[in-house]
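Peer 1: This structure is in structure tokens; I'll ask about it shortly.
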Amino acid sequence: MFKLDKVRYKNIISVDDLIIKANETTCIVGESGSGKTTFLKLLNHMVNYSRGTITYRGEDLKNLDPVLLRREVIMLPQTPVIFPGSVRDNLLIGLTFSGKEPVDDNRLLEEMKNAGLNKSLDEEAEPLSGGEKQRLALIRVMLMEPGVLLLDEPTSALDEGTELQIIEYVNNYLRSKEKTLILVTHSRELAKSMGDRLINVNKGIVTAVEEVA
Amino acid sequence: MDGIIEIGPFRLLAAYAFLVLLLFLVRKQGIGKEKEIIISTLRMTIQLIIMGYVLVYIFEQSYFYVTLLVFAVMLFFAIRNIFARIKTPVTKKLSRVIILSMITGTVVTTFYFLLLVLSSDPWYEARYFIPIAGMIIGNSMTGVALGVERLIGDMKAKKQLIEGALMLGATPKDATLEITRDVFTSAIMPTINSMVGMGIIFIPGMMTGQILAGASPLVAIEYQIAIMLGILGSVSITLFMLTRLGYLTFFNRWSQLEENSD
């Protein structure tokens with residue numbers, strides 16, 4: 001699905017040769033500050049690599065329409081972004097941005113229940129707690145039915161139990177739909193339990209790729 | 001009553017009594033701004049005297065290129081003033097948008113006003129062209145300066161929201177829609193507010209001038225209404241162009257925020 005060849009980004013990332021397969025869960029593991037987030041941003045072309053090539057489904061990223069790419073390869077950042085407006089506005093904004101049909105309230109409520117977000121749709125989104133915002137951002141992305149989900153581990157806002165629960169939910173959902181998940185985490189344990197493959201990153205350099213049996 | 005009472009140099013000197021009064025009060029209260037007050041008054045006096053002579057010369061000529069040259073000079077200084085007012089650094093691309101917006105907005109409105117609304121004959125008659133162009137350029141300058149500052153500030157302050165929107169597949173235009181709307185509204189509000197107070201809270205400067213010069217207040221309001229609409233038009237066009245083209249300068253061709261790319 002993704003193929004990286006001699007990719008360099010500033011002094012942060014240096015990847016010589018890497019393949020990320022479709023319909024799998026790939027975990028990128030490394031200490032904080034090892035360039036994991038930047039790595040995800042290279043894949044949805046939010047940052048520009050200075051050297052090398054990245055291809056997505058065989059096409060050079062630089063030849064693809066970045067907006068269309070990001071409608072398919074969707075990234076959920078570590079800190080959830082909340083737009084001004086209600087919970088409903090925030091849930092639907094991804095569909096609006098990407099030009100997709102909005103869904104009705106019933107569907108929204110169902111997804112909120114699945115993700116454990118117990119709020120009213122008309123509530124203002126800004127005062128929600130960190131954890132609730134994270135869930136909201138996650139539901140918003142899931143509604144867009146991404147082909148590839150780039151998930152930057154939501155450590156800051158959630159406790160460990162909740163984090164695990166949410167990631168498990170996403171992972172199972174995407175697997176059932178045969179979609180691709182690329183998960184960035186600092187926890188090898190989590191990566192081993194979720195991922196089909198582990199990519200170890202240290203200071204922006206891939207140190208090892210492991211298949212999980 | 002026709003014609004205007006000439007003040008003449010001696011009675012004009014009497015008006016400087018206000019300056020003496022101010023200096024006296026400032027000194028007595030120990031505010032210590034005497035030097036600034038004297039320099040400002042001197043500057044005002046000298047600048048206006050020069051302007052008077054220049055205008056006398058310009059009004060007496062009848063060459064269209066002199067009028068156009070004055071127009072270009074005014075526009076040049078207005079654009080320079082915008083850059084002087086903005087405190088944050090402006091990229092080259094945004095500078096080009098500022099210049100283009102100012103030129104388009106003021107040229108279109110000034111010519112529309114002179115040719116269609118006023119239909120002065122000849123169109124380049126400086127007595128009409130220069131003051132009207134001055135008002136249009138001056139107000140557009142204020143609007144653009146406000147708009148640019150707001151645009152740069154918001155693009156910086158709301159960087160996370162913009163990036164969040166881009167990551168959800170938004171086009172740069174959609175990702176900055178709220179910002180460009182806010183920029184337009186906030187920069188055009190002073191013009192709209194000044195229209196609201198007009199005729200109730202104050203008599204606009206141009207009307208005051210015309211009335212003092214002996215024009216009927218009814219003629220003066222016709223001019224005032226027309227020029228206010230002209231100003232509104234020009235500020236709208238410049239701000240529309242500024243927001244429509246301005247946001248684009250913050251993105252590169254891969255729809256990334258400019259500073260993220262190398």
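Note on naming: chains are A, B, ... as they come in the structure tokens, residues start from 1 per chain, ligands start from 1 in the order shown.
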Could you please select, counting only C-alpha atoms, the residues of chain B within 9 Å of chain A and state them as a ChimeraX atom specification?
Peer 2: /B:160-161,163-172,174-175,253-257,260-262
Peer 1: Generate the output file for the selected residues, N, CA and C atoms, as a PDB file, in the first residue's frame.
Peer 2:
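Wrote it out as part_3.pdb, contents follow:
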```pdb
ATOM      1  N   GLN B 160      -3.771  24.971  14.332  1.00  0.00           N
ATOM      2  CA  GLN B 160      -4.174  23.613  14.674  1.00  0.00           C
ATOM      3  C   GLN B 160      -5.508  23.234  14.033  1.00  0.00           C
ATOM      4  N   LEU B 161      -6.455  24.185  14.046  1.00  0.00           N
ATOM      5  CA  LEU B 161      -7.759  23.939  13.422  1.00  0.00           C
ATOM      6  C   LEU B 161      -7.605  23.734  11.923  1.00  0.00           C
ATOM      7  N   GLU B 163      -4.926  22.697  10.284  1.00  0.00           N
ATOM      8  CA  GLU B 163      -4.295  21.396  10.035  1.00  0.00           C
ATOM      9  C   GLU B 163      -5.291  20.262  10.282  1.00  0.00           C
ATOM     10  N   GLY B 164      -6.099  20.422  11.336  1.00  0.00           N
ATOM     11  CA  GLY B 164      -7.110  19.413  11.647  1.00  0.00           C
ATOM     12  C   GLY B 164      -8.078  19.253  10.492  1.00  0.00           C
ATOM     13  N   ALA B 165      -8.487  20.372   9.910  1.00  0.00           N
ATOM     14  CA  ALA B 165      -9.417  20.334   8.782  1.00  0.00           C
ATOM     15  C   ALA B 165      -8.760  19.686   7.563  1.00  0.00           C
ATOM     16  N   LEU B 166      -7.498  20.034   7.306  1.00  0.00           N
ATOM     17  CA  LEU B 166      -6.791  19.452   6.158  1.00  0.00           C
ATOM     18  C   LEU B 166      -6.683  17.935   6.300  1.00  0.00           C
ATOM     19  N   MET B 167      -6.433  17.488   7.540  1.00  0.00           N
ATOM     20  CA  MET B 167      -6.288  16.047   7.769  1.00  0.00           C
ATOM     21  C   MET B 167      -7.616  15.322   7.608  1.00  0.00           C
ATOM     22  N   LEU B 168      -8.720  16.088   7.631  1.00  0.00           N
ATOM     23  CA  LEU B 168     -10.041  15.483   7.389  1.00  0.00           C
ATOM     24  C   LEU B 168     -10.448  15.655   5.927  1.00  0.00           C
ATOM     25  N   GLY B 169      -9.472  15.980   5.094  1.00  0.00           N
ATOM     26  CA  GLY B 169      -9.749  16.050   3.664  1.00  0.00           C
ATOM     27  C   GLY B 169     -10.334  17.363   3.186  1.00  0.00           C
ATOM     28  N   ALA B 170     -10.193  18.418   4.006  1.00  0.00           N
ATOM     29  CA  ALA B 170     -10.709  19.719   3.570  1.00  0.00           C
ATOM     30  C   ALA B 170      -9.767  20.350   2.550  1.00  0.00           C
ATOM     31  N   THR B 171     -10.333  21.125   1.634  1.00  0.00           N
ATOM     32  CA  THR B 171      -9.493  21.915   0.740  1.00  0.00           C
ATOM     33  C   THR B 171      -8.994  23.107   1.561  1.00  0.00           C
ATOM     34  N   PRO B 172      -7.871  23.718   1.152  1.00  0.00           N
ATOM     35  CA  PRO B 172      -7.409  24.905   1.880  1.00  0.00           C
ATOM     36  C   PRO B 172      -8.504  25.965   1.989  1.00  0.00           C
ATOM     37  N   ASP B 174     -11.818  25.524   2.211  1.00  0.00           N
ATOM     38  CA  ASP B 174     -12.764  25.159   3.262  1.00  0.00           C
ATOM     39  C   ASP B 174     -12.121  25.230   4.646  1.00  0.00           C
ATOM     40  N   ALA B 175     -10.844  24.870   4.701  1.00  0.00           N
ATOM     41  CA  ALA B 175     -10.154  24.855   5.992  1.00  0.00           C
ATOM     42  C   ALA B 175     -10.004  26.272   6.563  1.00  0.00           C
ATOM     43  N   ARG B 253       1.740  23.974  -3.024  1.00  0.00           N
ATOM     44  CA  ARG B 253       0.920  23.284  -4.026  1.00  0.00           C
ATOM     45  C   ARG B 253       0.434  21.911  -3.581  1.00  0.00           C
ATOM     46  N   TRP B 254       0.945  21.425  -2.430  1.00  0.00           N
ATOM     47  CA  TRP B 254       0.427  20.164  -1.913  1.00  0.00           C
ATOM     48  C   TRP B 254      -0.562  20.391  -0.784  1.00  0.00           C
ATOM     49  N   SER B 255      -1.167  21.569  -0.789  1.00  0.00           N
ATOM     50  CA  SER B 255      -2.164  21.918   0.236  1.00  0.00           C
ATOM     51  C   SER B 255      -1.632  21.684   1.649  1.00  0.00           C
ATOM     52  N   GLN B 256      -0.389  22.047   1.846  1.00  0.00           N
ATOM     53  CA  GLN B 256       0.193  22.018   3.188  1.00  0.00           C
ATOM     54  C   GLN B 256       0.395  23.457   3.624  1.00  0.00           C
ATOM     55  N   LEU B 257       0.301  23.690   4.928  1.00  0.00           N
ATOM     56  CA  LEU B 257       0.617  25.034   5.410  1.00  0.00           C
ATOM     57  C   LEU B 257       2.062  25.325   5.055  1.00  0.00           C
ATOM     58  N   ASN B 260       5.390  24.271   6.770  1.00  0.00           N
ATOM     59  CA  ASN B 260       5.689  22.866   6.982  1.00  0.00           C
ATOM     60  C   ASN B 260       6.529  22.248   5.880  1.00  0.00           C
ATOM     61  N   SER B 261       6.688  23.008   4.810  1.00  0.00           N
ATOM     62  CA  SER B 261       7.359  22.394   3.671  1.00  0.00           C
ATOM     63  C   SER B 261       8.787  22.887   3.571  1.00  0.00           C
ATOM     64  N   ASP B 262       9.578  22.126   2.895  1.00  0.00           N
ATOM     65  CA  ASP B 262      10.969  22.538   2.675  1.00  0.00           C
ATOM     66  C   ASP B 262      11.215  22.753   1.205  1.00  0.00           C
TER      67      ASP B 262
END
```
Peer 1: Give me, as a ChimeraX atom specification, all polymer residues having an atom no more than 12 Å from stretch 117-124 of chain A, counting only C-alpha atoms and skipping those fewer than 6 positions away in the same chain.
Peer 2: /A:82-92,104-111,130-140,162,166
Peer 1: Could those residues be written to a file, using N, CA and C atoms, as a JSON list (two decimals), in the first residue's frame?
Peer 2:
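Result file is part-v2.json:
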```json
[["chain", "number", "residue", "atom", "x", "y", "z"],
["A", 82, "ILE", "N", -11.00, 20.27, 17.94],
["A", 82, "ILE", "CA", -12.43, 20.53, 18.10],
["A", 82, "ILE", "C", -12.77, 21.84, 17.40],
["A", 83, "PHE", "N", -13.74, 21.79, 16.52],
["A", 83, "PHE", "CA", -14.15, 22.99, 15.77],
["A", 83, "PHE", "C", -15.27, 23.70, 16.54],
["A", 84, "PRO", "N", -15.42, 25.01, 16.35],
["A", 84, "PRO", "CA", -16.49, 25.71, 17.05],
["A", 84, "PRO", "C", -17.85, 25.12, 16.65],
["A", 85, "GLY", "N", -18.72, 24.91, 17.63],
["A", 85, "GLY", "CA", -20.04, 24.36, 17.33],
["A", 85, "GLY", "C", -20.39, 23.20, 18.26],
["A", 86, "SER", "N", -21.48, 22.52, 17.93],
["A", 86, "SER", "CA", -22.00, 21.46, 18.78],
["A", 86, "SER", "C", -21.28, 20.14, 18.51],
["A", 87, "VAL", "N", -21.65, 19.14, 19.33],
["A", 87, "VAL", "CA", -21.13, 17.79, 19.13],
["A", 87, "VAL", "C", -21.51, 17.31, 17.72],
["A", 88, "ARG", "N", -22.76, 17.55, 17.33],
["A", 88, "ARG", "CA", -23.23, 17.12, 16.01],
["A", 88, "ARG", "C", -22.39, 17.78, 14.90],
["A", 89, "ASP", "N", -22.20, 19.11, 15.02],
["A", 89, "ASP", "CA", -21.39, 19.82, 14.02],
["A", 89, "ASP", "C", -20.02, 19.19, 13.88],
["A", 90, "ASN", "N", -19.43, 18.87, 15.02],
["A", 90, "ASN", "CA", -18.09, 18.31, 15.01],
["A", 90, "ASN", "C", -18.05, 16.91, 14.43],
["A", 91, "LEU", "N", -19.11, 16.14, 14.67],
["A", 91, "LEU", "CA", -19.13, 14.78, 14.14],
["A", 91, "LEU", "C", -19.29, 14.80, 12.62],
["A", 92, "LEU", "N", -20.07, 15.76, 12.14],
["A", 92, "LEU", "CA", -20.39, 15.79, 10.70],
["A", 92, "LEU", "C", -19.37, 16.54, 9.86],
["A", 104, "ASP", "N", -27.66, 10.63, 9.44],
["A", 104, "ASP", "CA", -28.70, 11.15, 10.33],
["A", 104, "ASP", "C", -28.33, 10.99, 11.81],
["A", 105, "ASP", "N", -29.13, 11.60, 12.67],
["A", 105, "ASP", "CA", -28.85, 11.60, 14.10],
["A", 105, "ASP", "C", -28.80, 10.19, 14.69],
["A", 106, "ASN", "N", -29.67, 9.30, 14.19],
["A", 106, "ASN", "CA", -29.68, 7.94, 14.72],
["A", 106, "ASN", "C", -28.33, 7.26, 14.56],
["A", 107, "ARG", "N", -27.77, 7.44, 13.37],
["A", 107, "ARG", "CA", -26.46, 6.83, 13.11],
["A", 107, "ARG", "C", -25.40, 7.44, 14.04],
["A", 108, "LEU", "N", -25.48, 8.76, 14.22],
["A", 108, "LEU", "CA", -24.51, 9.44, 15.09],
["A", 108, "LEU", "C", -24.61, 8.88, 16.51],
["A", 109, "LEU", "N", -25.84, 8.76, 16.99],
["A", 109, "LEU", "CA", -26.04, 8.28, 18.36],
["A", 109, "LEU", "C", -25.54, 6.85, 18.53],
["A", 110, "GLU", "N", -25.75, 6.05, 17.49],
["A", 110, "GLU", "CA", -25.30, 4.66, 17.53],
["A", 110, "GLU", "C", -23.77, 4.60, 17.62],
["A", 111, "GLU", "N", -23.11, 5.40, 16.78],
["A", 111, "GLU", "CA", -21.64, 5.40, 16.80],
["A", 111, "GLU", "C", -21.11, 5.93, 18.13],
["A", 130, "GLY", "N", -10.98, 15.96, 27.92],
["A", 130, "GLY", "CA", -9.99, 15.48, 26.96],
["A", 130, "GLY", "C", -10.35, 14.14, 26.36],
["A", 131, "GLY", "N", -10.78, 13.24, 27.22],
["A", 131, "GLY", "CA", -11.14, 11.90, 26.76],
["A", 131, "GLY", "C", -12.34, 11.91, 25.83],
["A", 132, "GLU", "N", -13.33, 12.74, 26.20],
["A", 132, "GLU", "CA", -14.53, 12.83, 25.37],
["A", 132, "GLU", "C", -14.22, 13.44, 24.00],
["A", 133, "LYS", "N", -13.35, 14.43, 24.00],
["A", 133, "LYS", "CA", -12.95, 15.04, 22.73],
["A", 133, "LYS", "C", -12.27, 14.00, 21.84],
["A", 134, "GLN", "N", -11.44, 13.18, 22.48],
["A", 134, "GLN", "CA", -10.72, 12.14, 21.73],
["A", 134, "GLN", "C", -11.70, 11.16, 21.08],
["A", 135, "ARG", "N", -12.72, 10.79, 21.84],
["A", 135, "ARG", "CA", -13.73, 9.86, 21.30],
["A", 135, "ARG", "C", -14.50, 10.53, 20.16],
["A", 136, "LEU", "N", -14.84, 11.78, 20.39],
["A", 136, "LEU", "CA", -15.58, 12.53, 19.36],
["A", 136, "LEU", "C", -14.78, 12.57, 18.06],
["A", 137, "ALA", "N", -13.49, 12.90, 18.19],
["A", 137, "ALA", "CA", -12.62, 12.98, 17.01],
["A", 137, "ALA", "C", -12.53, 11.63, 16.31],
["A", 138, "LEU", "N", -12.52, 10.57, 17.12],
["A", 138, "LEU", "CA", -12.42, 9.23, 16.56],
["A", 138, "LEU", "C", -13.69, 8.85, 15.79],
["A", 139, "ILE", "N", -14.86, 9.14, 16.39],
["A", 139, "ILE", "CA", -16.12, 8.83, 15.70],
["A", 139, "ILE", "C", -16.20, 9.61, 14.39],
["A", 140, "ARG", "N", -15.78, 10.84, 14.45],
["A", 140, "ARG", "CA", -15.81, 11.70, 13.26],
["A", 140, "ARG", "C", -15.03, 11.06, 12.11],
["A", 162, "THR", "N", -8.82, 3.09, 29.21],
["A", 162, "THR", "CA", -9.68, 3.68, 28.19],
["A", 162, "THR", "C", -8.98, 3.70, 26.84],
["A", 166, "ILE", "N", -10.38, 1.93, 23.41],
["A", 166, "ILE", "CA", -10.67, 2.67, 22.19],
["A", 166, "ILE", "C", -9.88, 2.11, 21.01]]
```
Peer 1: Between atom CA of B:Val90 and atom CA of B:Thr249, measure the distance and give it in Å to one decimal.
Peer 2: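 Straight-line distance from atom CA of B:Val90 to atom CA of B:Thr249 works out to 10.4 Å.
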Peer 1: Tell me which protein, DNA and RNA residues are within 7 Å of stretch 234-245 of chain B, counting only C-alpha atoms, leaving out same-chain ones fewer than 2 positions away, and put them as JSON, numbers by chain.
Peer 2: {"B": [97, 98, 101, 102, 105, 106, 109, 136, 139, 140, 143, 144, 180, 184, 188, 230, 231, 232, 247, 248]}
Peer 1: Produce a file of the selected residues containing N, CA and C atoms, as a tab-separated table (two decimals), in the first residue's frame.
Peer 2:
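Full text of result.tsv as output:
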```tsv
chain	number	residue	atom	x	y	z
B	97	VAL	N	-0.39	40.05	-3.23
B	97	VAL	CA	-1.87	40.06	-3.14
B	97	VAL	C	-2.36	41.41	-2.62
B	98	ILE	N	-1.66	41.95	-1.62
B	98	ILE	CA	-2.05	43.25	-1.05
B	98	ILE	C	-2.01	44.32	-2.14
B	101	SER	N	-4.77	43.76	-4.77
B	101	SER	CA	-6.11	44.08	-4.25
B	101	SER	C	-6.31	45.59	-4.19
B	102	MET	N	-5.30	46.30	-3.68
B	102	MET	CA	-5.42	47.75	-3.56
B	102	MET	C	-5.60	48.40	-4.94
B	105	GLY	N	-9.15	47.31	-6.51
B	105	GLY	CA	-10.30	47.90	-5.82
B	105	GLY	C	-10.41	49.40	-6.03
B	106	THR	N	-9.31	50.11	-5.89
B	106	THR	CA	-9.39	51.57	-5.98
B	106	THR	C	-9.54	52.05	-7.42
B	109	THR	N	-13.20	51.28	-8.60
B	109	THR	CA	-14.20	52.14	-7.97
B	109	THR	C	-14.05	53.61	-8.39
B	136	ILE	N	-11.31	57.34	-1.50
B	136	ILE	CA	-11.44	55.91	-1.80
B	136	ILE	C	-10.16	55.16	-1.43
B	139	ASN	N	-9.61	55.04	2.58
B	139	ASN	CA	-10.46	54.09	3.30
B	139	ASN	C	-10.12	52.64	2.95
B	140	SER	N	-9.78	52.40	1.69
B	140	SER	CA	-9.39	51.04	1.31
B	140	SER	C	-8.11	50.64	2.03
B	143	GLY	N	-8.92	49.60	5.50
B	143	GLY	CA	-9.56	48.28	5.49
B	143	GLY	C	-8.56	47.18	5.25
B	144	VAL	N	-7.69	47.35	4.26
B	144	VAL	CA	-6.72	46.31	3.93
B	144	VAL	C	-5.73	46.10	5.08
B	180	THR	N	-11.41	33.57	6.71
B	180	THR	CA	-11.57	34.59	5.68
B	180	THR	C	-12.87	35.37	5.89
B	184	PHE	N	-12.94	39.45	6.56
B	184	PHE	CA	-13.76	40.36	5.76
B	184	PHE	C	-14.67	41.20	6.67
B	188	ILE	N	-14.36	45.30	7.36
B	188	ILE	CA	-15.33	46.19	6.71
B	188	ILE	C	-16.21	46.90	7.76
B	230	GLY	N	-19.31	54.72	-2.71
B	230	GLY	CA	-18.08	54.45	-3.45
B	230	GLY	C	-17.02	53.83	-2.54
B	231	ILE	N	-16.89	54.41	-1.36
B	231	ILE	CA	-15.91	53.89	-0.39
B	231	ILE	C	-16.27	52.45	-0.01
B	232	LEU	N	-17.55	52.23	0.26
B	232	LEU	CA	-18.01	50.89	0.62
B	232	LEU	C	-17.67	49.90	-0.49
B	247	TYR	N	-5.57	33.88	1.44
B	247	TYR	CA	-5.44	32.62	2.17
B	247	TYR	C	-4.56	31.64	1.40
B	248	LEU	N	-4.63	31.72	0.07
B	248	LEU	CA	-3.87	30.79	-0.77
B	248	LEU	C	-2.37	30.92	-0.54
```
Peer 1: Give the helix (DSSP H, G or I) residues of stretch 1-205 of chain A, as assigned by DSSP on the backbone, as a PyMOL selection string.
Peer 2: chain A and resi 36-43+61-63+66-72+87-97+105-115+130-143+160-176+188-194
Peer 1: Emit the selected residues as an mmCIF file, in the first residue's frame, including C-alpha atoms.
Peer 2:
```
data_model
loop_
_atom_site.group_PDB
_atom_site.id
_atom_site.type_symbol
_atom_site.label_atom_id
_atom_site.label_comp_id
_atom_site.auth_asym_id
_atom_site.auth_seq_id
_atom_site.Cartn_x
_atom_site.Cartn_y
_atom_site.Cartn_z
ATOM 1 C CA LYS A 36 6.646 8.857 14.889
ATOM 2 C CA THR A 37 4.073 11.631 14.405
ATOM 3 C CA THR A 38 6.080 13.142 11.560
ATOM 4 C CA PHE A 39 6.184 9.707 9.999
ATOM 5 C CA LEU A 40 2.370 9.623 9.876
ATOM 6 C CA LYS A 41 2.273 13.132 8.453
ATOM 7 C CA LEU A 42 4.511 12.015 5.608
ATOM 8 C CA LEU A 43 1.987 9.342 4.677
ATOM 9 C CA LEU A 61 2.567 10.886 -3.482
ATOM 10 C CA LYS A 62 3.823 14.003 -5.202
ATOM 11 C CA ASN A 63 1.668 13.228 -8.233
ATOM 12 C CA PRO A 66 -3.226 15.771 -1.637
ATOM 13 C CA VAL A 67 -6.818 16.650 -0.715
ATOM 14 C CA LEU A 68 -8.215 13.473 -2.286
ATOM 15 C CA LEU A 69 -5.425 11.470 -0.655
ATOM 16 C CA ARG A 70 -6.357 12.828 2.789
ATOM 17 C CA ARG A 71 -9.999 11.872 2.239
ATOM 18 C CA GLU A 72 -8.846 8.284 1.978
ATOM 19 C CA VAL A 87 -21.126 17.788 19.125
ATOM 20 C CA ARG A 88 -23.228 17.124 16.007
ATOM 21 C CA ASP A 89 -21.393 19.824 14.020
ATOM 22 C CA ASN A 90 -18.091 18.307 15.013
ATOM 23 C CA LEU A 91 -19.131 14.777 14.136
ATOM 24 C CA LEU A 92 -20.389 15.788 10.698
ATOM 25 C CA ILE A 93 -17.623 18.202 9.747
ATOM 26 C CA GLY A 94 -15.365 15.476 8.358
ATOM 27 C CA LEU A 95 -18.106 14.369 5.960
ATOM 28 C CA THR A 96 -18.722 18.000 4.997
ATOM 29 C CA PHE A 97 -15.039 18.716 4.390
ATOM 30 C CA ASP A 105 -28.852 11.600 14.102
ATOM 31 C CA ASN A 106 -29.680 7.937 14.718
ATOM 32 C CA ARG A 107 -26.462 6.830 13.108
ATOM 33 C CA LEU A 108 -24.513 9.436 15.088
ATOM 34 C CA LEU A 109 -26.043 8.281 18.363
ATOM 35 C CA GLU A 110 -25.302 4.662 17.528
ATOM 36 C CA GLU A 111 -21.640 5.403 16.799
ATOM 37 C CA MET A 112 -21.381 7.472 19.977
ATOM 38 C CA LYS A 113 -22.734 4.564 21.960
ATOM 39 C CA ASN A 114 -20.215 2.179 20.373
ATOM 40 C CA ALA A 115 -17.338 4.477 21.223
ATOM 41 C CA GLY A 130 -9.988 15.483 26.956
ATOM 42 C CA GLY A 131 -11.140 11.897 26.757
ATOM 43 C CA GLU A 132 -14.535 12.833 25.369
ATOM 44 C CA LYS A 133 -12.947 15.038 22.729
ATOM 45 C CA GLN A 134 -10.724 12.144 21.730
ATOM 46 C CA ARG A 135 -13.730 9.865 21.300
ATOM 47 C CA LEU A 136 -15.579 12.525 19.362
ATOM 48 C CA ALA A 137 -12.625 12.981 17.005
ATOM 49 C CA LEU A 138 -12.423 9.230 16.562
ATOM 50 C CA ILE A 139 -16.121 8.825 15.703
ATOM 51 C CA ARG A 140 -15.805 11.697 13.259
ATOM 52 C CA VAL A 141 -13.023 9.880 11.439
ATOM 53 C CA MET A 142 -14.806 6.500 11.505
ATOM 54 C CA LEU A 143 -17.900 8.058 9.915
ATOM 55 C CA GLU A 160 -4.461 3.465 29.973
ATOM 56 C CA GLY A 161 -7.571 1.317 30.271
ATOM 57 C CA THR A 162 -9.682 3.679 28.188
ATOM 58 C CA GLU A 163 -6.941 4.077 25.631
ATOM 59 C CA LEU A 164 -6.672 0.339 25.152
ATOM 60 C CA GLN A 165 -10.438 0.023 24.900
ATOM 61 C CA ILE A 166 -10.667 2.665 22.188
ATOM 62 C CA ILE A 167 -7.769 1.369 20.143
ATOM 63 C CA GLU A 168 -9.186 -2.158 20.342
ATOM 64 C CA TYR A 169 -12.550 -0.891 19.124
ATOM 65 C CA VAL A 170 -10.960 0.882 16.170
ATOM 66 C CA ASN A 171 -8.736 -2.041 15.336
ATOM 67 C CA ASN A 172 -11.587 -4.558 15.357
ATOM 68 C CA TYR A 173 -13.805 -2.283 13.324
ATOM 69 C CA LEU A 174 -11.195 -1.664 10.645
ATOM 70 C CA ARG A 175 -10.276 -5.351 10.480
ATOM 71 C CA SER A 176 -13.905 -6.293 9.968
ATOM 72 C CA ARG A 188 5.584 -2.430 22.565
ATOM 73 C CA GLU A 189 3.041 -4.430 24.496
ATOM 74 C CA LEU A 190 0.096 -2.688 22.876
ATOM 75 C CA ALA A 191 1.750 -2.948 19.467
ATOM 76 C CA LYS A 192 2.287 -6.697 19.879
ATOM 77 C CA SER A 193 -1.283 -7.345 20.913
ATOM 78 C CA MET A 194 -2.823 -5.283 18.083
#
```
Peer 1: So the first atom is atom CA of B:Gly32 and the second is atom CA of B:Ile49; what is the distance between them in Å, to one decimal place?
Peer 2: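 Result for atom CA of B:Gly32 versus atom CA of B:Ile49: 27.9 Å, one decimal.
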Peer 1: Expressed in Å to a single decimal, how great is the separation between atom CA of A:Arg51 and atom CA of A:Lys6?
Peer 2: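 If I compute the distance from atom CA of A:Arg51 to atom CA of A:Lys6, I get 7.1 Å.
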